[in-house]
$ cat start-v3.cif   # mmCIF, C-alpha atoms
data_work
loop_
_atom_site.label_atom_id
_atom_site.label_comp_id
_atom_site.auth_asym_id
_atom_site.auth_seq_id
_atom_site.Cartn_x
_atom_site.Cartn_y
_atom_site.Cartn_z
CA MET K 1 -26.52 -19.50 7.71
CA ASP K 2 -25.54 -20.42 11.26
CA ARG K 3 -27.63 -18.78 13.98
CA ILE K 4 -24.50 -18.05 16.04
CA VAL K 5 -21.40 -16.54 14.45
CA ASP K 6 -18.47 -17.01 16.82
CA ARG K 7 -15.43 -14.81 16.21
CA CYS K 8 -13.89 -15.14 19.65
CA ASP K 9 -10.11 -14.94 19.39
CA PRO K 10 -8.48 -15.34 22.82
CA GLY K 11 -5.00 -15.22 21.32
CA GLY K 12 -5.73 -12.05 19.41
CA ARG K 13 -7.26 -10.39 22.46
CA ALA K 14 -4.22 -11.36 24.53
CA TRP K 15 -1.94 -9.74 21.94
CA VAL K 16 -4.03 -6.53 21.99
CA ALA K 17 -3.98 -6.46 25.79
CA GLU K 18 -0.19 -6.74 25.78
CA ALA K 19 0.08 -4.07 23.08
CA VAL K 20 -2.03 -1.64 25.12
CA ARG K 21 0.12 -2.39 28.16
CA LEU K 22 3.27 -1.60 26.19
CA VAL K 23 1.88 1.73 24.95
CA ASP K 24 0.69 2.67 28.45
CA ALA K 25 4.03 1.64 29.95
CA ASP K 26 5.80 3.93 27.49
CA ALA K 27 3.63 6.82 28.63
CA ASN K 28 4.25 5.94 32.26
CA ARG K 29 8.02 6.11 31.69
CA SER K 30 7.74 9.57 30.15
CA ALA K 31 7.40 12.62 32.38
CA ASP K 32 5.00 15.37 31.34
CA THR K 33 6.45 18.05 29.06
CA HIS K 34 7.75 21.30 30.51
CA LEU K 35 6.00 24.67 30.49
CA HIS K 36 8.73 27.29 29.99
CA VAL K 37 8.43 31.02 30.68
CA PHE K 38 9.40 33.13 27.67
CA PRO K 39 11.20 36.32 28.78
CA LEU K 40 8.93 39.37 28.39
CA PRO K 41 9.42 42.68 30.22
CA PRO K 42 7.77 42.19 33.65
CA GLU K 43 6.16 45.64 33.58
CA TRP K 44 3.91 44.49 30.73
CA GLY K 45 1.87 42.36 33.14
CA ILE K 46 1.66 39.62 30.51
CA ASP K 47 3.22 36.16 30.82
CA LEU K 48 4.04 34.00 27.81
CA TYR K 49 4.53 30.25 28.26
CA LEU K 50 5.91 27.67 25.84
CA LYS K 51 4.65 24.12 26.27
CA ASP K 52 7.70 22.15 25.18
CA GLU K 53 6.44 19.15 23.21
CA SER K 54 9.89 18.61 21.70
CA VAL K 55 10.97 16.64 24.78
CA HIS K 56 8.73 13.65 24.03
CA PRO K 57 10.65 10.44 23.23
CA THR K 58 10.19 11.08 19.50
CA GLY K 59 10.83 14.80 19.74
CA SER K 60 7.53 16.42 18.81
CA LEU K 61 3.93 17.21 19.65
CA LYS K 62 2.91 14.32 17.37
CA HIS K 63 4.05 11.78 19.98
CA ARG K 64 0.78 12.41 21.85
CA LEU K 65 -1.24 11.97 18.66
CA ALA K 66 0.56 8.79 17.64
CA ARG K 67 -0.03 7.24 21.07
CA SER K 68 -3.73 8.11 20.87
CA LEU K 69 -4.07 6.78 17.31
CA PHE K 70 -2.46 3.46 18.24
CA LEU K 71 -4.68 3.05 21.31
CA TYR K 72 -7.72 3.98 19.19
CA GLY K 73 -6.80 1.43 16.52
CA LEU K 74 -6.12 -1.29 19.09
CA ALA K 75 -9.35 -0.64 21.01
CA ASN K 76 -11.37 -0.63 17.77
CA GLY K 77 -9.91 -3.96 16.65
CA TRP K 78 -8.25 -2.39 13.60
CA ILE K 79 -4.69 -3.17 14.70
CA ARG K 80 -3.82 -6.81 15.31
CA GLU K 81 -0.67 -8.86 15.56
CA GLY K 82 1.30 -8.49 12.33
CA THR K 83 -0.79 -5.59 10.97
CA THR K 84 1.18 -3.29 8.67
CA ILE K 85 0.60 0.32 9.72
CA ILE K 86 0.28 2.88 6.92
CA GLU K 87 0.20 6.64 7.48
CA ALA K 88 -0.04 9.72 5.28
CA SER K 89 2.28 12.22 6.90
CA SER K 90 4.56 15.17 6.21
CA GLY K 91 6.98 13.85 8.78
CA SER K 92 6.60 14.23 12.54
CA THR K 93 3.50 12.03 12.94
CA ALA K 94 5.23 9.36 10.90
CA VAL K 95 8.32 9.58 13.10
CA SER K 96 6.22 9.02 16.22
CA GLU K 97 4.11 6.27 14.66
CA ALA K 98 7.25 4.46 13.49
CA TYR K 99 8.40 4.51 17.12
CA PHE K 100 5.17 2.93 18.39
CA ALA K 101 5.04 0.42 15.53
CA ARG K 102 8.54 -0.74 16.46
CA LEU K 103 7.46 -0.93 20.11
CA LEU K 104 4.69 -3.35 19.08
CA GLY K 105 6.74 -5.24 16.50
CA LEU K 106 4.62 -4.05 13.56
CA PRO K 107 5.75 -3.02 10.06
CA PHE K 108 5.32 0.70 9.31
CA VAL K 109 5.14 2.62 6.02
CA ALA K 110 4.98 6.42 5.82
CA VAL K 111 3.47 7.89 2.65
CA MET K 112 5.09 11.31 2.37
CA PRO K 113 5.62 14.19 -0.07
CA ALA K 114 8.99 13.92 -1.76
CA SER K 115 9.80 17.40 -0.39
CA THR K 116 9.84 16.17 3.25
CA SER K 117 13.06 17.12 5.04
CA PRO K 118 15.85 14.48 4.92
CA GLU K 119 16.19 14.76 8.70
CA LYS K 120 12.63 13.47 9.20
CA ILE K 121 13.08 10.67 6.67
CA GLN K 122 16.20 9.54 8.52
CA LEU K 123 14.31 9.53 11.83
CA ILE K 124 11.51 7.37 10.41
CA GLU K 125 14.05 4.91 9.05
CA PHE K 126 15.92 4.98 12.37
CA TYR K 127 12.78 3.67 14.08
CA GLY K 128 12.44 0.90 11.50
CA GLY K 129 9.85 2.54 9.23
CA ARG K 130 9.87 2.67 5.45
CA CYS K 131 9.25 5.90 3.55
CA HIS K 132 7.09 5.81 0.43
CA LEU K 133 7.61 9.19 -1.29
CA VAL K 134 5.14 10.73 -3.74
CA ASP K 135 5.62 13.75 -6.00
CA ASP K 136 2.06 15.06 -5.63
CA PRO K 137 1.30 15.84 -1.96
CA SER K 138 -2.44 15.62 -2.58
CA SER K 139 -2.09 11.94 -3.55
CA ILE K 140 -0.88 10.74 -0.13
CA TYR K 141 -4.38 9.79 1.03
CA ALA K 142 -5.29 7.64 -1.98
CA GLU K 143 -1.82 6.10 -2.07
CA SER K 144 -2.05 5.21 1.63
CA ARG K 145 -5.41 3.51 1.11
CA ARG K 146 -4.02 1.62 -1.88
CA LEU K 147 -1.01 0.37 0.06
CA ALA K 148 -3.13 -0.64 3.06
CA ALA K 149 -5.57 -2.55 0.86
CA GLY K 150 -2.71 -4.32 -0.88
CA CYS K 151 -1.22 -5.74 2.31
CA ASP K 152 -4.35 -6.05 4.47
CA GLY K 153 -2.86 -3.29 6.59
CA HIS K 154 -4.36 -0.44 8.57
CA PHE K 155 -4.33 3.15 7.29
CA MET K 156 -4.12 5.21 10.49
CA ASP K 157 -5.53 8.32 8.71
CA GLN K 158 -4.49 10.95 11.22
CA PHE K 159 -6.36 13.64 9.29
CA THR K 160 -9.69 11.92 9.94
CA TYR K 161 -9.19 10.40 13.39
CA ALA K 162 -7.02 12.95 15.24
CA GLU K 163 -9.96 14.78 16.84
CA ARG K 164 -11.74 11.60 17.95
CA ALA K 165 -8.78 9.48 19.06
CA THR K 166 -7.86 11.90 21.88
CA ASP K 167 -10.11 12.12 24.94
CA TRP K 168 -10.82 15.87 25.07
CA ARG K 169 -12.32 15.60 28.59
CA GLY K 170 -8.92 14.94 30.12
CA ASN K 171 -6.90 11.77 30.77
CA ASN K 172 -3.70 13.82 30.63
CA ASN K 173 -4.33 15.29 27.21
CA ILE K 174 -2.35 18.40 26.31
CA ALA K 175 -5.08 20.80 27.44
CA GLU K 176 -5.40 19.25 30.88
CA SER K 177 -1.63 19.30 31.21
CA ILE K 178 -1.40 23.01 30.35
CA PHE K 179 -4.05 24.09 32.84
CA GLU K 180 -2.64 21.92 35.62
CA GLN K 181 0.84 23.36 35.09
CA LEU K 182 -0.54 26.92 35.18
CA ARG K 183 -2.38 26.32 38.46
CA LEU K 184 0.18 28.15 40.64
CA GLU K 185 0.96 30.97 38.20
CA ARG K 186 -0.25 34.54 38.68
CA PHE K 187 -2.67 34.19 35.73
CA PRO K 188 -3.67 30.50 35.97
CA GLU K 189 -6.46 30.79 33.39
CA PRO K 190 -4.76 32.02 30.22
CA SER K 191 -6.30 34.72 28.06
CA TRP K 192 -5.22 32.85 24.92
CA VAL K 193 -3.89 29.48 23.85
CA VAL K 194 -2.21 29.66 20.44
CA VAL K 195 -1.73 26.57 18.25
CA GLY K 196 -1.35 25.69 14.61
CA ALA K 197 -3.49 23.25 12.66
CA GLY K 198 -2.15 20.27 10.75
CA THR K 199 -4.74 17.60 11.35
CA GLY K 200 -6.80 19.95 13.53
CA GLY K 201 -6.67 17.47 16.41
CA THR K 202 -4.80 19.70 18.87
CA SER K 203 -7.06 22.69 18.34
CA ALA K 204 -10.16 20.47 18.63
CA THR K 205 -8.90 18.95 21.89
CA ILE K 206 -8.06 22.30 23.48
CA GLY K 207 -11.20 24.05 22.23
CA ARG K 208 -13.46 21.31 23.57
CA TYR K 209 -11.61 21.08 26.88
CA VAL K 210 -11.89 24.79 27.73
CA ARG K 211 -15.64 24.67 27.09
CA TYR K 212 -16.09 21.45 29.04
CA ARG K 213 -14.20 22.89 32.02
CA ARG K 214 -16.04 26.25 31.70
CA PHE K 215 -12.86 28.30 31.22
CA GLN K 216 -13.08 31.65 29.44
CA THR K 217 -9.75 31.08 27.69
CA ARG K 218 -9.88 31.85 23.98
CA LEU K 219 -8.32 29.64 21.33
CA ALA K 220 -6.34 31.21 18.49
CA VAL K 221 -5.25 29.06 15.54
CA VAL K 222 -2.38 30.28 13.39
CA ASP K 223 -2.24 29.14 9.79
CA PRO K 224 0.65 29.47 7.32
CA GLU K 225 0.19 30.94 3.88
CA GLY K 226 -0.82 28.35 1.30
CA SER K 227 -3.08 26.49 3.74
CA ALA K 228 -6.80 25.96 3.21
CA PHE K 229 -7.83 26.23 6.87
CA HIS K 230 -7.81 30.04 7.25
CA GLY K 231 -9.81 30.69 4.10
CA SER K 232 -12.35 28.04 5.05
CA TYR K 233 -12.70 29.54 8.52
CA ALA K 234 -13.24 33.00 6.99
CA ASP K 235 -15.90 32.06 4.44
CA GLY K 236 -17.33 28.86 5.94
CA ASP K 237 -16.54 26.73 2.88
CA PRO K 238 -15.43 23.25 4.07
CA GLU K 239 -14.54 22.27 0.49
CA ARG K 240 -11.94 25.02 0.08
CA THR K 241 -8.55 23.94 -1.26
CA ALA K 242 -5.19 25.70 -1.50
CA ALA K 243 -1.66 25.17 -2.76
CA GLY K 244 -0.40 23.71 0.54
CA SER K 245 1.97 24.90 3.23
CA ARG K 246 5.74 25.29 3.15
CA ILE K 247 5.84 25.17 6.97
CA GLU K 248 6.10 21.47 7.76
CA GLY K 249 3.62 19.96 10.18
CA ILE K 250 0.90 22.61 9.88
CA GLY K 251 -1.36 23.90 7.13
CA ARG K 252 -3.04 21.65 4.58
CA PRO K 253 -4.07 21.89 0.91
CA ARG K 254 -7.60 20.84 1.92
CA VAL K 255 -9.78 21.20 5.02
CA GLU K 256 -9.17 17.99 6.94
CA PRO K 257 -12.03 16.06 8.62
CA SER K 258 -10.45 16.59 12.07
CA PHE K 259 -10.49 20.39 11.76
CA LEU K 260 -13.26 21.75 14.00
CA PRO K 261 -13.79 25.47 13.29
CA THR K 262 -16.64 25.85 15.78
CA VAL K 263 -14.29 25.61 18.80
CA ILE K 264 -11.86 28.24 17.45
CA ASP K 265 -12.24 31.87 18.56
CA LEU K 266 -9.81 33.51 16.15
CA MET K 267 -7.54 32.59 13.25
CA ILE K 268 -4.41 34.40 12.09
CA ARG K 269 -2.75 33.84 8.73
CA VAL K 270 1.03 34.03 9.14
CA PRO K 271 3.43 34.67 6.23
CA ASP K 272 6.04 31.94 5.81
CA ALA K 273 8.89 34.45 6.15
CA ALA K 274 7.38 35.57 9.47
CA SER K 275 7.24 31.95 10.69
CA ILE K 276 10.90 31.37 9.89
CA ALA K 277 11.98 34.72 11.36
CA ALA K 278 10.03 33.92 14.55
CA MET K 279 11.55 30.43 14.68
CA ARG K 280 15.07 31.87 14.69
CA TRP K 281 14.16 34.73 17.03
CA THR K 282 12.54 32.34 19.53
CA SER K 283 15.62 30.10 19.53
CA GLU K 284 17.92 33.03 20.17
CA VAL K 285 15.82 34.73 22.86
CA SER K 286 14.78 31.58 24.73
CA GLY K 287 17.88 29.47 24.17
CA ARG K 288 15.69 26.58 22.97
CA ASP K 289 16.13 25.28 19.44
CA VAL K 290 12.69 25.25 17.80
CA GLY K 291 11.17 24.36 14.44
CA GLY K 292 9.19 26.25 11.83
CA SER K 293 5.69 25.58 13.13
CA THR K 294 6.78 26.90 16.53
CA GLY K 295 7.76 30.08 14.73
CA THR K 296 4.24 30.32 13.32
CA ASN K 297 2.86 29.93 16.84
CA MET K 298 5.18 32.60 18.21
CA TRP K 299 4.33 35.15 15.54
CA GLY K 300 0.64 34.70 16.37
CA ALA K 301 1.36 34.95 20.11
CA ALA K 302 3.28 38.20 19.53
CA GLU K 303 0.34 39.65 17.58
CA LEU K 304 -2.08 38.78 20.37
CA ILE K 305 0.20 40.13 23.10
CA ALA K 306 0.67 43.38 21.17
CA GLY K 307 -3.12 43.68 21.05
CA MET K 308 -3.41 43.01 24.77
CA ARG K 309 -0.81 45.69 25.44
CA ALA K 310 -2.66 48.20 23.27
CA ARG K 311 -5.87 47.56 25.23
CA GLY K 312 -4.12 47.70 28.61
CA GLU K 313 -4.91 44.05 29.38
CA ARG K 314 -2.97 41.77 31.73
CA GLY K 315 -2.94 37.99 31.59
CA SER K 316 -1.14 34.98 30.23
CA VAL K 317 -0.71 33.43 26.78
CA VAL K 318 0.31 29.83 26.10
CA THR K 319 1.68 28.35 22.90
CA LEU K 320 3.62 25.24 21.91
CA ILE K 321 7.14 24.24 20.99
CA CYS K 322 6.04 21.66 18.44
CA ASP K 323 9.45 20.19 17.67
CA GLY K 324 13.13 21.05 17.63
CA GLY K 325 15.05 23.03 15.04
CA GLU K 326 17.54 20.19 14.46
CA ARG K 327 15.01 18.69 12.04
CA TYR K 328 15.27 21.74 9.77
CA THR K 329 18.96 22.58 9.66
CA GLY K 330 19.05 22.09 5.89
CA THR K 331 15.91 24.14 5.25
CA TYR K 332 14.61 26.84 7.62
CA GLY K 333 17.95 26.98 9.42
CA SER K 334 19.95 27.47 6.21
CA ASP K 335 20.49 30.95 4.75
CA ASP K 336 21.29 29.40 1.37
CA TRP K 337 17.99 27.51 1.38
CA LEU K 338 16.08 30.68 2.29
CA ALA K 339 17.72 32.58 -0.57
CA GLY K 340 16.86 29.78 -2.98
CA GLN K 341 13.23 29.91 -1.86
CA GLY K 342 13.08 33.70 -2.18
CA PHE K 343 12.46 34.31 1.53
CA ASP K 344 13.39 37.68 3.03
CA ILE K 345 12.99 37.28 6.78
CA ALA K 346 14.85 40.46 7.78
CA PRO K 347 11.77 42.76 8.02
CA TYR K 348 9.93 40.22 10.22
CA ARG K 349 12.96 39.73 12.42
CA ALA K 350 13.21 43.52 12.87
CA ALA K 351 9.53 43.63 13.81
CA LEU K 352 10.04 40.95 16.46
CA ASP K 353 13.05 42.75 17.91
CA ALA K 354 10.96 45.92 18.11
CA PHE K 355 8.12 43.99 19.76
CA LEU K 356 10.36 42.80 22.57
CA LYS K 357 11.45 46.39 23.26
CA THR K 358 8.13 48.22 22.93
CA GLY K 359 5.33 45.67 23.10
CA ASP K 360 4.13 46.75 19.66
CA LEU K 361 4.51 44.47 16.62
CA PRO K 362 5.13 46.72 13.59
CA THR K 363 3.34 45.92 10.37
CA VAL K 364 5.60 44.47 7.70
CA PRO K 365 4.75 45.78 4.19
#
$ encode --input "start-v3.cif" --output "structure tokens"
Amino acid sequence: MDRIVDRCDPGGRAWVAEAVRLVDADANRSADTHLHVFPLPPEWGIDLYLKDESVHPTGSLKHRLARSLFLYGLANGWIREGTTIIEASSGSTAVSEAYFARLLGLPFVAVMPASTSPEKIQLIEFYGGRCHLVDDPSSIYAESRRLAAGCDGHFMDQFTYAERATDWRGNNNIAESIFEQLRLERFPEPSWVVVGAGTGGTSATIGRYVRYRRFQTRLAVVDPEGSAFHGSYADGDPERTAAGSRIEGIGRPRVEPSFLPTVIDLMIRVPDAASIAAMRWTSEVSGRDVGGSTGTNMWGAAELIAGMRARGERGSVVTLICDGGERYTGTYGSDDWLAGQGFDIAPYRAALDAFLKTGDLPTVP
């Protein structure tokens, strides 16, 4: 065996350097996302803000994650010229990764449940990606690994690497952006930040950042019915499984490696009908078309604000617009689809209307 093993590859390093430049240049062209004020009665003394992640170039919160995952893969030497990128995704992450793969001239394959909305599939294909649909959602991980091994590709594995690919100390991550944008508001340090969990990367980033910066802000994670995260958080069982979520982009049938329960202060399980009612209510009240996971966020925010009102507390609450409602016109936006799924959103919509008038969120039987 040779004493010196030389794997220097100047050409490969030059390609990686150019790829990193392209990803950074894309970020440099994109302004930060807006922080909108949601209209609450001013006499409440509580401000609600919506961090609008739908205005990213690929239309969702997952644009940040995809950028971080590509930079992580490039810096680790996992992504090289010609590497086929494989991802297991329910949609939005795959849309954003397809965008970055096209930017770098790389093939992209999204391994997705067959139930993924047609709108998301069309977006992935628009950016040059290929969709590999599977009937069993729990098989997307093994199928992704199989495909990657078969073509010497790279499985991005967002569910493992989301919490480590993003620099939680800052570097314009979503937490740093939120606190900087709140700096001139009357309650610059929010009482609560409310997010959902899909990979767990966003909640891990925000939870770590508030501790690192010594803020007293509390982190609430909302979880749709059918997800394993809430039950695992309640009983401490990391091996817990569940049926899986019907709210795309959040909730998982298993507890993902990127989910970090120790940085979460509170979890709220949100019924699917409440998520969809809150999605529609938010769009109507704010004038901004939002998706289902944003509805989950907003239901949780309303619960927390109602609690603050009951205790006579003042302060601010921040949550996210994860993506736009145009991706769900055939599902959550369709009354026929809701009827076919057996959803009755009317009681939850009535509760939200009452909340905006009184500050109390009535319990739905």
$ resolve_selection --input "start-v3.cif" --expression "the PyMOL selection byres ((chain K and resi 61) around 9)" --output "PyMOL selection string"
chain K and resi 52-56+58-60+62-65+92-93+320-323
$ resolve_selection --input "start-v3.cif" --expression "the PyMOL selection byres ((chain K and resi 110-112) around 7)" --output "ChimeraX atom specification"
/K:86-90,94,108-109,113-114,116,130-134,140,144
$ write_last_selection --input "start-v3.cif" --atoms "C-alpha atoms" --output "compact mmCIF listing (two decimals), in the frame of the given file"
# COMPACT_ATOMS: atom_id res chain seq x y z
CA ILE K 86 0.28 2.88 6.92
CA GLU K 87 0.20 6.64 7.48
CA ALA K 88 -0.04 9.72 5.28
CA SER K 89 2.28 12.22 6.90
CA SER K 90 4.56 15.17 6.21
CA ALA K 94 5.23 9.36 10.90
CA PHE K 108 5.32 0.70 9.31
CA VAL K 109 5.14 2.62 6.02
CA PRO K 113 5.62 14.19 -0.07
CA ALA K 114 8.99 13.92 -1.76
CA THR K 116 9.84 16.17 3.25
CA ARG K 130 9.87 2.67 5.45
CA CYS K 131 9.25 5.90 3.55
CA HIS K 132 7.09 5.81 0.43
CA LEU K 133 7.61 9.19 -1.29
CA VAL K 134 5.14 10.73 -3.74
CA ILE K 140 -0.88 10.74 -0.13
CA SER K 144 -2.05 5.21 1.63
$ atom_distance --input "start-v3.cif" --atom1 "CA of Ser139 (chain K)" --atom2 "CA of Ser232 (chain K)"
20.9 Å
$ residues_around --input "start-v3.cif" --residues "Val221 (chain K)" --least-positions-apart "2" --cutoff "6 Å" --atoms "all atoms listed in the file" --output "PDB file with C-alpha atoms, in the frame of the given file"
ATOM      1  CA  VAL K 194      -2.210  29.660  20.440  1.00  0.00           C
ATOM      2  CA  VAL K 195      -1.730  26.570  18.250  1.00  0.00           C
ATOM      3  CA  GLY K 196      -1.350  25.690  14.610  1.00  0.00           C
ATOM      4  CA  MET K 267      -7.540  32.590  13.250  1.00  0.00           C
TER       5      MET K 267
END
$ atom_distance --input "start-v3.cif" --atom1 "CA of Gly333 (chain K)" --atom2 "CA of Arg349 (chain K)"
14.0 Å
$ residues_around --input "start-v3.cif" --residues "Ser286 (chain K)" --least-positions-apart "2" --cutoff "12 Å" --atoms "all atoms listed in the file" --output "mmCIF file with C-alpha atoms, keeping the file's coordinate frame"
data_model
loop_
_atom_site.group_PDB
_atom_site.id
_atom_site.type_symbol
_atom_site.label_atom_id
_atom_site.label_comp_id
_atom_site.auth_asym_id
_atom_site.auth_seq_id
_atom_site.Cartn_x
_atom_site.Cartn_y
_atom_site.Cartn_z
ATOM 1 C CA HIS K 36 8.730 27.290 29.990
ATOM 2 C CA VAL K 37 8.430 31.020 30.680
ATOM 3 C CA PHE K 38 9.400 33.130 27.670
ATOM 4 C CA PRO K 39 11.200 36.320 28.780
ATOM 5 C CA LEU K 40 8.930 39.370 28.390
ATOM 6 C CA LEU K 48 4.040 34.000 27.810
ATOM 7 C CA TYR K 49 4.530 30.250 28.260
ATOM 8 C CA LEU K 50 5.910 27.670 25.840
ATOM 9 C CA ASP K 52 7.700 22.150 25.180
ATOM 10 C CA ALA K 278 10.030 33.920 14.550
ATOM 11 C CA MET K 279 11.550 30.430 14.680
ATOM 12 C CA ARG K 280 15.070 31.870 14.690
ATOM 13 C CA TRP K 281 14.160 34.730 17.030
ATOM 14 C CA THR K 282 12.540 32.340 19.530
ATOM 15 C CA SER K 283 15.620 30.100 19.530
ATOM 16 C CA GLU K 284 17.920 33.030 20.170
ATOM 17 C CA ARG K 288 15.690 26.580 22.970
ATOM 18 C CA ASP K 289 16.130 25.280 19.440
ATOM 19 C CA VAL K 290 12.690 25.250 17.800
ATOM 20 C CA MET K 298 5.180 32.600 18.210
ATOM 21 C CA ILE K 321 7.140 24.240 20.990
#
$ residues_around --input "start-v3.cif" --residues "Met156 (chain K)" --least-positions-apart "3" --cutoff "9 Å" --atoms "all atoms listed in the file" --output "list in words"
Leu69, Phe70, Gly73, Ile85, Ile86, Glu87, Ala88, Phe159, Thr160 and Tyr161 of chain K
$ resolve_selection --input "start-v3.cif" --expression "the PyMOL selection byres ((chain K and resi 257) around 10)" --output "mmCIF file with C-alpha atoms, in the frame of the given file"
data_model
loop_
_atom_site.group_PDB
_atom_site.id
_atom_site.type_symbol
_atom_site.label_atom_id
_atom_site.label_comp_id
_atom_site.auth_asym_id
_atom_site.auth_seq_id
_atom_site.Cartn_x
_atom_site.Cartn_y
_atom_site.Cartn_z
ATOM 1 C CA GLN K 158 -4.490 10.950 11.220
ATOM 2 C CA PHE K 159 -6.360 13.640 9.290
ATOM 3 C CA THR K 160 -9.690 11.920 9.940
ATOM 4 C CA TYR K 161 -9.190 10.400 13.390
ATOM 5 C CA ALA K 162 -7.020 12.950 15.240
ATOM 6 C CA GLU K 163 -9.960 14.780 16.840
ATOM 7 C CA THR K 199 -4.740 17.600 11.350
ATOM 8 C CA GLY K 200 -6.800 19.950 13.530
ATOM 9 C CA GLY K 201 -6.670 17.470 16.410
ATOM 10 C CA PRO K 238 -15.430 23.250 4.070
ATOM 11 C CA ARG K 254 -7.600 20.840 1.920
ATOM 12 C CA VAL K 255 -9.780 21.200 5.020
ATOM 13 C CA GLU K 256 -9.170 17.990 6.940
ATOM 14 C CA SER K 258 -10.450 16.590 12.070
ATOM 15 C CA PHE K 259 -10.490 20.390 11.760
ATOM 16 C CA LEU K 260 -13.260 21.750 14.000
#
$ atom_distance --input "start-v3.cif" --atom1 "CA of Pro118 (chain K)" --atom2 "CA of Gly330 (chain K)"
8.3 Å
$ residues_near_point --input "start-v3.cif" --point "(-9.4, 32.0, 23.9)" --cutoff "12 Å" --atoms "only C-alpha atoms" --output "ChimeraX atom specification"
/K:189-195,203,206-211,214-221,263-267,301,304,315-319
$ build_atoms --input "start-v3.cif" --residues "region 201-213 of chain K" --atoms "N, CA, C and O atoms" --output "PDB file, keeping the file's coordinate frame"
ATOM      1  N   GLY K 201      -6.395  18.210  15.180  1.00  0.00           N
ATOM      2  CA  GLY K 201      -6.670  17.470  16.410  1.00  0.00           C
ATOM      3  C   GLY K 201      -6.330  18.244  17.674  1.00  0.00           C
ATOM      4  O   GLY K 201      -7.082  18.208  18.652  1.00  0.00           O
ATOM      5  N   THR K 202      -5.199  18.959  17.675  1.00  0.00           N
ATOM      6  CA  THR K 202      -4.800  19.700  18.870  1.00  0.00           C
ATOM      7  C   THR K 202      -5.762  20.839  19.157  1.00  0.00           C
ATOM      8  O   THR K 202      -6.185  21.046  20.303  1.00  0.00           O
ATOM      9  N   SER K 203      -6.126  21.590  18.127  1.00  0.00           N
ATOM     10  CA  SER K 203      -7.060  22.690  18.340  1.00  0.00           C
ATOM     11  C   SER K 203      -8.431  22.173  18.768  1.00  0.00           C
ATOM     12  O   SER K 203      -9.098  22.776  19.630  1.00  0.00           O
ATOM     13  N   ALA K 204      -8.867  21.047  18.225  1.00  0.00           N
ATOM     14  CA  ALA K 204     -10.160  20.470  18.630  1.00  0.00           C
ATOM     15  C   ALA K 204     -10.120  20.035  20.091  1.00  0.00           C
ATOM     16  O   ALA K 204     -11.071  20.282  20.850  1.00  0.00           O
ATOM     17  N   THR K 205      -9.023  19.400  20.498  1.00  0.00           N
ATOM     18  CA  THR K 205      -8.900  18.950  21.890  1.00  0.00           C
ATOM     19  C   THR K 205      -8.932  20.117  22.856  1.00  0.00           C
ATOM     20  O   THR K 205      -9.664  20.113  23.854  1.00  0.00           O
ATOM     21  N   ILE K 206      -8.132  21.153  22.577  1.00  0.00           N
ATOM     22  CA  ILE K 206      -8.060  22.300  23.480  1.00  0.00           C
ATOM     23  C   ILE K 206      -9.366  23.077  23.479  1.00  0.00           C
ATOM     24  O   ILE K 206      -9.879  23.473  24.533  1.00  0.00           O
ATOM     25  N   GLY K 207      -9.941  23.308  22.308  1.00  0.00           N
ATOM     26  CA  GLY K 207     -11.200  24.050  22.230  1.00  0.00           C
ATOM     27  C   GLY K 207     -12.333  23.366  22.967  1.00  0.00           C
ATOM     28  O   GLY K 207     -13.131  24.011  23.659  1.00  0.00           O
ATOM     29  N   ARG K 208     -12.420  22.059  22.842  1.00  0.00           N
ATOM     30  CA  ARG K 208     -13.460  21.310  23.570  1.00  0.00           C
ATOM     31  C   ARG K 208     -13.210  21.343  25.074  1.00  0.00           C
ATOM     32  O   ARG K 208     -14.141  21.508  25.873  1.00  0.00           O
ATOM     33  N   TYR K 209     -11.947  21.162  25.459  1.00  0.00           N
ATOM     34  CA  TYR K 209     -11.610  21.080  26.880  1.00  0.00           C
ATOM     35  C   TYR K 209     -11.953  22.375  27.606  1.00  0.00           C
ATOM     36  O   TYR K 209     -12.522  22.342  28.712  1.00  0.00           O
ATOM     37  N   VAL K 210     -11.625  23.527  27.022  1.00  0.00           N
ATOM     38  CA  VAL K 210     -11.890  24.790  27.730  1.00  0.00           C
ATOM     39  C   VAL K 210     -13.403  25.006  27.884  1.00  0.00           C
ATOM     40  O   VAL K 210     -13.854  25.572  28.892  1.00  0.00           O
ATOM     41  N   ARG K 211     -14.187  24.559  26.945  1.00  0.00           N
ATOM     42  CA  ARG K 211     -15.640  24.670  27.090  1.00  0.00           C
ATOM     43  C   ARG K 211     -16.162  23.686  28.146  1.00  0.00           C
ATOM     44  O   ARG K 211     -17.008  24.035  28.972  1.00  0.00           O
ATOM     45  N   TYR K 212     -15.662  22.472  28.096  1.00  0.00           N
ATOM     46  CA  TYR K 212     -16.090  21.450  29.040  1.00  0.00           C
ATOM     47  C   TYR K 212     -15.770  21.846  30.473  1.00  0.00           C
ATOM     48  O   TYR K 212     -16.571  21.628  31.395  1.00  0.00           O
ATOM     49  N   ARG K 213     -14.611  22.482  30.692  1.00  0.00           N
ATOM     50  CA  ARG K 213     -14.200  22.890  32.020  1.00  0.00           C
ATOM     51  C   ARG K 213     -14.669  24.305  32.378  1.00  0.00           C
ATOM     52  O   ARG K 213     -14.346  24.815  33.440  1.00  0.00           O
TER      53      ARG K 213
END
